[in-house]
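*Asks:* After the structure tokens below, expect a handful of questions from me.
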Amino acid sequence: MMAWLSVALLAVPLLGALLLLFAPHRLRPLLHTYGLSLSGLTLALAVLMAATFDYSRAARPQFEVDQEWIPGLGLRFHLGVDGISLPLIVLTALLTFLCFVYLCWGAARKGFVRARPRALVFTLLVLEVGMIGTFLALDLLLFFVFFEIVLVPMYFVIGIWGGEGRRAASVKFILYTLLGSVVMLLGLLLVWAQTGTLDIEALSAAHGAGMARSVQILAFVAIGIGLAVKTPMWPLHTWLPDAHTEAPTVGSVLLAGVLLKMGTYGFARIAIPILPEGAMAVAPWLGAFAVVGIIYGALACLAQRDLKRMIAYSSVGHMGFVLLGFATLTPVGINGALFANVAHGLITGLLFFLAGAIKDRYHTADIPSLGGGMLTTLPRLGSVLTFAAIASLGLPGLAGFWGEMLALFGAFQPANGLPRGLFLTYMAIGGLGAVLTAAYFLVMLSRVTHGRPGTSNAFLGEQESATLDERAVVPLGAPASRSATATLEPYSEPLAPGTPSDRIEPSGGDHVRLGDAGPVQGRTSSHHPDPSSGDAAIPHDPGRGGAPRPATDDIRSYELLAWTPLVALILLFGLWPGLLLSLTTPAVQTLLGAVS
């Protein structure tokens with residue numbers, strides 16, 4: 001009866017993107033609210049779907065649409081939602097909406113307006129179509145189409161609106177994921193050749209019937225490689241740190257919060273239920289790669305100086321726990337993996353929002369250059385960063401705890417037929433990884449939020465650590481001691497050669513801002529910037545010899561609006577994990593029918 005909801009979730013962002021192509025001039029004055037309105041409508045539809053979902057039948061697809069797509073090949077346009085996909089659909093709609101909230105106010109809005117706004121809204125809407133479609137698809141080829149759709153818009157998000165190394169990062173992202181997808185397509189075609197159908201529902205019910213064990217193993221490895229690249233699993237993860245580091249804030253949030261989940265979702269939706277004998281044979285190897293990723297990700301985080309890069313490597317470790325849960329092939333382990341999927345999307349999405357806010361204020365993400373003392377200078381921002389970090393390290397009572405705990409508990413008693421001694425070793429190594437996770441987050445907090453406020457090297461003009469938009473600029477004819485720090489607003493275009501000199505406004509002090517609307521603050525200036533505009537200038541600390549400090553505006557209104565839902569859900573799922581586990585458990589028991 002409510003099947004139209006599945007189609008509407010795809011139609012709203014898709015039609016919105018097409019309108020931007022056919023009526024660009026009429027919509028240009030509305031761009032600030034256009035994407036926000038469409039993503040808000042999509043979120044409302046997702047919430048309606050969650051409200052009308054029959055939780056007593058969570059194991060079976062609901063809101064189904066099953067129509068002929070390509071009759072000659074027997075392909076069908078088959079959509080549906082069950083207890084595994086519903087949380088991810090709502091998470092996708094929520095994070096996309098919060099990204100548009102972030103883009104519509106403050107400093108982000110200034111950069112958003114100047115940096116090809118129509119293209120950015122179009123790209124994010126197409127990205128949302130691909131992400132939601134992946135979780136709705138119940139046909140293997142349709143799943144693959146949506147799985148690939150997201151690659152192109154994310155490539156442009158990184159390549160156009162990213163940082164200094166955006167082009168190399170975007171090319172690396174597209175090459176890795178496309179090559180992985182080619183291997184996955186071969187596995188899907190092998191399943192089709194052996195069974196004669198691509199319908200995920202029928203294949204899951206058959207539990208591998210009609211496919212020999214060797215064929216299942218080969219297909220599982222091929223499909224698993226494609227999913228592992230997107231997850232990402234060690235050693236196929238190397239595209240991730242660069243992509244996260246160079247992506248704009250909204251790109252990092254969607255990449256970590258949703259795109260990584262598409263890979264892990266594929267294991268639960270396709271690889272394990274359709275190829276149970278292949279899953280049983282490959283599970284010990286999957287667990288081995290998972291625990292190596294947990295330890296590797298934690299050690300890499302301890303070595304990082306860049307905050308965004310540290311959060312990126314933390315995703316490698318957290319996704320290792322998800323893969324370990326899948327490798328156990330038990331209801332406990334897979335429930336833990338699915339719970340960790342959602343928790344990671346909420347927590348890491350919040351962490352990347354915070355990393356963007358910190359870089360906006362300090363104009364650097366280099367941890368030593370931040371100087372510490374954030375709880376003194378920006379107490380609210382420092383408090384939310386502390387909350388997100390301890391949630392990510394797995395503090396009991398917050399969402400990050402339950403998924404990792406259940407994954408480790410699943411490794412304690414893996415499925416019958418799996419070597420228990422080996423999985424006990426995996427459990428011990430995973431426990432060590434959890435300790436190292438706590439270590440690197442606590443080290444980061446001690447360097448960023450605690451201690452006395454220090455001096456940011458980016459403001460002192462140290463060319464060694466400054467990036468292109470953070471380097472000190474000395475006005476022509478000025479004494480060397482009167483250097484100026486040039487900073488560009490987020491996503492702003494660099495000054496072209498020959499830019500008139502009146503675009504640079506010396507303040508009589510030490511610092512100037514470049515841009516068409518940036519206020520100037522110096523020792524003699526009386527200007528008081530609007531905190532909500534994102535243009536707050538950098539005051540001086542007379543007690544530290546005039547050393548610059550970050551802007552004193554703490555959490556801004558648009559940031560509060562974007563972060564509050566994530567904080568609330570992290571608390572909700574941490575204190576009431578049964579809310580999510582009761583939804584996934586029936587579906588997990590169904591998909592494990594043949595394995596158990």
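Lettering and numbering for the structure tokens are positional, with chains as A, B, ... in the shown order, residues counted from 1 in each chain, and ligands counted from 1 in the shown order.
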Write out as a PyMOL selection string the residues lying within 9 Å of Val157 in chain A, counting only C-alpha atoms and excluding same-chain residues fewer than 3 positions away.

*Replies:* chain A and resi 120+123-124+152-154+160-162+170+247-248+250-251

*Asks:* Go ahead and save the residues from that selection, with C-alpha atoms, as a compact mmCIF listing (two decimals), in the first residue's frame.

*Replies:*
```
# COMPACT_ATOMS: atom_id res chain seq x y z
CA LEU A 120 27.33 21.57 -5.79
CA THR A 123 26.12 16.82 -7.25
CA LEU A 124 24.88 16.24 -3.71
CA VAL A 152 30.95 10.13 -10.11
CA PRO A 153 29.40 12.81 -7.86
CA MET A 154 31.82 12.01 -5.01
CA ILE A 160 36.30 20.51 -7.40
CA TRP A 161 35.59 21.55 -3.81
CA GLY A 162 38.46 19.74 -2.09
CA SER A 170 39.88 12.25 -6.46
CA ALA A 247 37.43 16.45 0.63
CA PRO A 248 35.38 19.42 1.85
CA VAL A 250 30.28 17.78 3.56
CA GLY A 251 32.18 15.37 1.34
```

*Asks:* Give me, as a Markdown table, each residue of range 296-318 of chain A that comes within 12 Å of range 374-390 of chain A, together with its shortest interatomic pair and the distance in Å at one decimal, counting only C-alpha atoms, with rows ordered by chain and rising residue number.

*Replies:*
```
| residue | atom | partner | partner_atom | distance |
| --- | --- | --- | --- | --- |
| A:Leu307 | CA | A:Leu385 | CA | 11.5 |
| A:Met310 | CA | A:Ala389 | CA | 11.5 |
| A:Ile311 | CA | A:Ala389 | CA | 9.7 |
| A:Ser314 | CA | A:Ala389 | CA | 10.7 |
```

*Asks:* Closest to Leu185 in chain A among A:Ala23, A:Ala219, A:Ala46, A:Ala337, using only C-alpha atoms?

*Replies:* A:Ala219

*Asks:* Assign secondary structure with DSSP using the backbone only, and return the residues of range 126-326 of chain A in helix (DSSP H, G or I) as a PyMOL selection string.

*Replies:* chain A and resi 126-136+140-149+151-161+166-195+200-206+213-230+239-246+249-274+276-302+307-326

*Asks:* Between A:Ala365, A:Ala58, A:Val12, A:Ala193, single out the one closest to Ala587 in chain A, counting only C-alpha atoms.

*Replies:*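 Between A:Ala365, A:Ala58, A:Val12, A:Ala193, the residue approaching Ala587 in chain A most closely is A:Ala58.
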